[in-house]
>>> print(open('upload.txt').read())   # compact mmCIF, N, CA and C atoms
# COMPACT_ATOMS: atom_id res chain seq x y z
N MET W 1 0.83 -1.19 0.00
CA MET W 1 0.00 0.00 0.00
C MET W 1 0.87 1.25 0.00
N LEU W 2 1.96 1.21 0.76
CA LEU W 2 2.83 2.38 0.83
C LEU W 2 3.50 2.65 -0.51
N SER W 3 3.92 1.60 -1.20
CA SER W 3 4.59 1.80 -2.49
C SER W 3 3.63 2.39 -3.52
N LYS W 4 2.36 2.05 -3.43
CA LYS W 4 1.36 2.60 -4.33
C LYS W 4 1.23 4.11 -4.11
N ARG W 5 1.21 4.53 -2.85
CA ARG W 5 1.10 5.95 -2.55
C ARG W 5 2.34 6.71 -2.98
N VAL W 6 3.50 6.10 -2.77
CA VAL W 6 4.76 6.75 -3.17
C VAL W 6 4.80 6.91 -4.69
N MET W 7 4.42 5.88 -5.43
CA MET W 7 4.39 5.95 -6.88
C MET W 7 3.41 7.01 -7.36
N ALA W 8 2.24 7.07 -6.75
CA ALA W 8 1.25 8.08 -7.12
C ALA W 8 1.79 9.48 -6.86
N PHE W 9 2.41 9.67 -5.71
CA PHE W 9 2.98 10.98 -5.37
C PHE W 9 4.07 11.37 -6.37
N LEU W 10 4.94 10.43 -6.72
CA LEU W 10 6.00 10.73 -7.67
C LEU W 10 5.45 11.08 -9.05
N LEU W 11 4.42 10.38 -9.49
CA LEU W 11 3.82 10.69 -10.78
C LEU W 11 3.17 12.08 -10.78
N ILE W 12 2.51 12.42 -9.69
CA ILE W 12 1.87 13.74 -9.60
C ILE W 12 2.93 14.84 -9.58
N VAL W 13 4.00 14.62 -8.83
CA VAL W 13 5.08 15.62 -8.77
C VAL W 13 5.75 15.75 -10.14
N LEU W 14 6.03 14.63 -10.80
CA LEU W 14 6.62 14.68 -12.13
C LEU W 14 5.72 15.43 -13.11
N GLY W 15 4.42 15.16 -13.07
CA GLY W 15 3.48 15.86 -13.95
C GLY W 15 3.46 17.35 -13.67
N ALA W 16 3.50 17.72 -12.39
CA ALA W 16 3.51 19.15 -12.04
C ALA W 16 4.79 19.82 -12.53
N ILE W 17 5.91 19.14 -12.43
CA ILE W 17 7.17 19.71 -12.90
C ILE W 17 7.14 19.90 -14.42
N LEU W 18 6.65 18.90 -15.14
CA LEU W 18 6.56 19.02 -16.59
C LEU W 18 5.64 20.16 -17.01
N LEU W 19 4.50 20.29 -16.34
CA LEU W 19 3.60 21.39 -16.66
C LEU W 19 4.20 22.74 -16.28
N PHE W 20 4.95 22.77 -15.18
CA PHE W 20 5.61 24.00 -14.75
C PHE W 20 6.66 24.43 -15.78
N VAL W 21 7.33 23.48 -16.41
CA VAL W 21 8.31 23.79 -17.44
C VAL W 21 7.62 24.14 -18.76
N ALA W 22 6.52 23.49 -19.07
CA ALA W 22 5.84 23.72 -20.35
C ALA W 22 5.18 25.09 -20.42
N TYR W 23 4.65 25.59 -19.32
CA TYR W 23 3.94 26.86 -19.38
C TYR W 23 4.85 28.03 -19.77
N PRO W 24 5.99 28.23 -19.10
CA PRO W 24 6.87 29.32 -19.53
C PRO W 24 7.38 29.13 -20.96
N SER W 25 7.56 27.87 -21.35
CA SER W 25 8.00 27.59 -22.70
C SER W 25 6.97 28.07 -23.72
N SER W 26 5.70 27.92 -23.38
CA SER W 26 4.65 28.35 -24.31
C SER W 26 4.50 29.87 -24.34
N GLN W 27 5.02 30.56 -23.33
CA GLN W 27 4.91 32.00 -23.27
C GLN W 27 6.16 32.71 -23.78
N GLY W 28 7.19 31.97 -24.15
CA GLY W 28 8.44 32.56 -24.61
C GLY W 28 8.28 33.25 -25.96
N LEU W 29 9.34 33.84 -26.44
CA LEU W 29 9.29 34.61 -27.68
C LEU W 29 9.10 33.72 -28.91
N GLY W 30 9.76 32.56 -28.93
CA GLY W 30 9.71 31.71 -30.11
C GLY W 30 8.40 30.98 -30.31
N ASP W 31 7.78 30.54 -29.24
CA ASP W 31 6.57 29.73 -29.36
C ASP W 31 5.37 30.51 -29.91
N PRO W 32 5.11 31.74 -29.46
CA PRO W 32 4.01 32.47 -30.09
C PRO W 32 4.25 32.76 -31.57
N MET W 33 5.50 32.95 -31.95
CA MET W 33 5.80 33.15 -33.38
C MET W 33 5.52 31.89 -34.18
N THR W 34 5.93 30.76 -33.62
CA THR W 34 5.63 29.48 -34.27
C THR W 34 4.12 29.28 -34.35
N GLY W 35 3.42 29.63 -33.27
CA GLY W 35 1.96 29.49 -33.26
C GLY W 35 1.29 30.41 -34.26
N ALA W 36 1.83 31.60 -34.47
CA ALA W 36 1.23 32.53 -35.43
C ALA W 36 1.40 32.02 -36.86
N VAL W 37 2.51 31.35 -37.13
CA VAL W 37 2.77 30.86 -38.49
C VAL W 37 2.07 29.54 -38.73
N THR W 38 2.19 28.62 -37.79
CA THR W 38 1.67 27.27 -38.02
C THR W 38 0.33 26.99 -37.34
N GLY W 39 -0.04 27.83 -36.37
CA GLY W 39 -1.28 27.60 -35.65
C GLY W 39 -1.15 26.57 -34.54
N ARG W 40 0.09 26.16 -34.21
CA ARG W 40 0.33 25.15 -33.18
C ARG W 40 1.48 25.61 -32.30
N PHE W 41 1.55 25.03 -31.10
CA PHE W 41 2.71 25.23 -30.25
C PHE W 41 3.90 24.47 -30.83
N ALA W 42 5.09 24.77 -30.34
CA ALA W 42 6.27 24.00 -30.74
C ALA W 42 6.13 22.56 -30.24
N ASP W 43 6.80 21.66 -30.90
CA ASP W 43 6.70 20.23 -30.55
C ASP W 43 7.11 19.97 -29.11
N ALA W 44 8.18 20.61 -28.65
CA ALA W 44 8.64 20.38 -27.27
C ALA W 44 7.58 20.81 -26.26
N THR W 45 6.93 21.94 -26.53
CA THR W 45 5.90 22.43 -25.62
C THR W 45 4.71 21.48 -25.59
N GLU W 46 4.32 20.99 -26.74
CA GLU W 46 3.20 20.05 -26.79
C GLU W 46 3.52 18.77 -26.03
N TRP W 47 4.73 18.24 -26.22
CA TRP W 47 5.10 17.00 -25.53
C TRP W 47 5.17 17.19 -24.02
N LEU W 48 5.74 18.32 -23.59
CA LEU W 48 5.82 18.57 -22.15
C LEU W 48 4.42 18.66 -21.54
N THR W 49 3.51 19.31 -22.25
CA THR W 49 2.15 19.46 -21.74
C THR W 49 1.42 18.12 -21.71
N VAL W 50 1.52 17.36 -22.78
CA VAL W 50 0.83 16.06 -22.86
C VAL W 50 1.38 15.10 -21.80
N LEU W 51 2.69 15.02 -21.68
CA LEU W 51 3.29 14.11 -20.70
C LEU W 51 3.01 14.57 -19.27
N GLY W 52 2.98 15.88 -19.04
CA GLY W 52 2.66 16.39 -17.71
C GLY W 52 1.24 16.05 -17.29
N VAL W 53 0.31 16.22 -18.21
CA VAL W 53 -1.09 15.89 -17.90
C VAL W 53 -1.25 14.38 -17.71
N ALA W 54 -0.63 13.59 -18.59
CA ALA W 54 -0.75 12.14 -18.48
C ALA W 54 -0.15 11.62 -17.17
N SER W 55 0.97 12.17 -16.78
CA SER W 55 1.61 11.74 -15.53
C SER W 55 0.75 12.11 -14.33
N SER W 56 0.22 13.32 -14.34
CA SER W 56 -0.62 13.75 -13.21
C SER W 56 -1.91 12.93 -13.12
N VAL W 57 -2.53 12.68 -14.24
CA VAL W 57 -3.77 11.91 -14.24
C VAL W 57 -3.52 10.47 -13.80
N SER W 58 -2.42 9.87 -14.25
CA SER W 58 -2.15 8.49 -13.83
C SER W 58 -1.78 8.44 -12.34
N GLY W 59 -1.13 9.47 -11.83
CA GLY W 59 -0.85 9.53 -10.39
C GLY W 59 -2.11 9.62 -9.57
N VAL W 60 -3.05 10.43 -10.02
CA VAL W 60 -4.34 10.53 -9.32
C VAL W 60 -5.10 9.22 -9.45
N GLY W 61 -4.98 8.56 -10.61
CA GLY W 61 -5.64 7.27 -10.80
C GLY W 61 -5.14 6.21 -9.83
N TYR W 62 -3.86 6.25 -9.51
CA TYR W 62 -3.32 5.30 -8.54
C TYR W 62 -3.90 5.54 -7.14
N LEU W 63 -4.26 6.76 -6.84
CA LEU W 63 -4.80 7.07 -5.52
C LEU W 63 -6.26 6.71 -5.36
N LEU W 64 -6.98 6.57 -6.47
CA LEU W 64 -8.40 6.24 -6.38
C LEU W 64 -8.61 4.83 -5.86
N PRO W 65 -9.67 4.61 -5.10
CA PRO W 65 -9.94 3.24 -4.62
C PRO W 65 -10.25 2.31 -5.79
N GLY W 66 -9.68 1.14 -5.75
CA GLY W 66 -9.90 0.18 -6.82
C GLY W 66 -9.04 0.44 -8.03
N GLY W 67 -8.05 1.32 -7.90
CA GLY W 67 -7.15 1.64 -9.01
C GLY W 67 -6.17 0.51 -9.25
N THR W 68 -5.24 0.75 -10.12
CA THR W 68 -4.23 -0.24 -10.47
C THR W 68 -3.37 -0.55 -9.26
N THR W 69 -3.03 -1.81 -9.09
CA THR W 69 -2.18 -2.19 -7.97
C THR W 69 -0.74 -2.33 -8.42
N ILE W 70 0.17 -2.03 -7.53
CA ILE W 70 1.60 -2.19 -7.79
C ILE W 70 2.10 -3.22 -6.79
N ASP W 71 2.70 -4.28 -7.30
CA ASP W 71 3.20 -5.35 -6.42
C ASP W 71 4.61 -5.05 -5.97
>>> encode(input="upload.txt", output="C-alpha cells")
Amino acid sequence: MLSKRVMAFLLIVLGAILLFVAYPSSQGLGDPMTGAVTGRFADATEWLTVLGVASSVSGVGYLLPGGTTID
C-alpha cells in the first residue's frame, strides 16, 4: 500500500514539474511566433504538456480506490 502511494505521489510531482516547465516555454518569444505561423505550439511544448497531464492523471488514478495495484 505504501509503495502505491509513493508511486502516485512521484507521478503527480513529475506531472507538475513538466507542466511547470511547459507553461513558460509556451509564453516565450519563439513559441508564439511558431503558433502565429503554423497555428500550433512548438513540438517540445506540446510533448511537455501532454506528458505532464498524463503523468498527473495516472498519479491521481493510482490514488483512487480500486485503481491499479503495484506489487
>>> atom_distance(input="upload.txt", atom1="CA of Leu48 in chain W", atom2="atom C of Gly15 in chain W")
8.9 Å
>>> atom_distance(input="upload.txt", atom1="CA of Leu11 in chain W", atom2="CA of Val57 in chain W")
8.4 Å
>>> closest_residue(input="upload.txt", among="W:Pro24, W:Ala54, W:Gly59, W:Thr49", to="Ile12 in chain W", atoms="only N, CA and C atoms")
W:Gly59
>>> closest_residue(input="upload.txt", among="W:Ala44, W:Val50, W:Ser56, W:Ala22", to="Leu10 in chain W", atoms="all atoms listed in the file")
W:Ser56
>>> atom_distance(input="upload.txt", atom1="CA of Ala8 in chain W", atom2="CA of Glu46 in chain W")
23.1 Å
>>> closest_residue(input="upload.txt", among="W:Thr45, W:Val21, W:Ala16, W:Phe9", to="Leu63 in chain W", atoms="only N, CA and C atoms")
W:Phe9
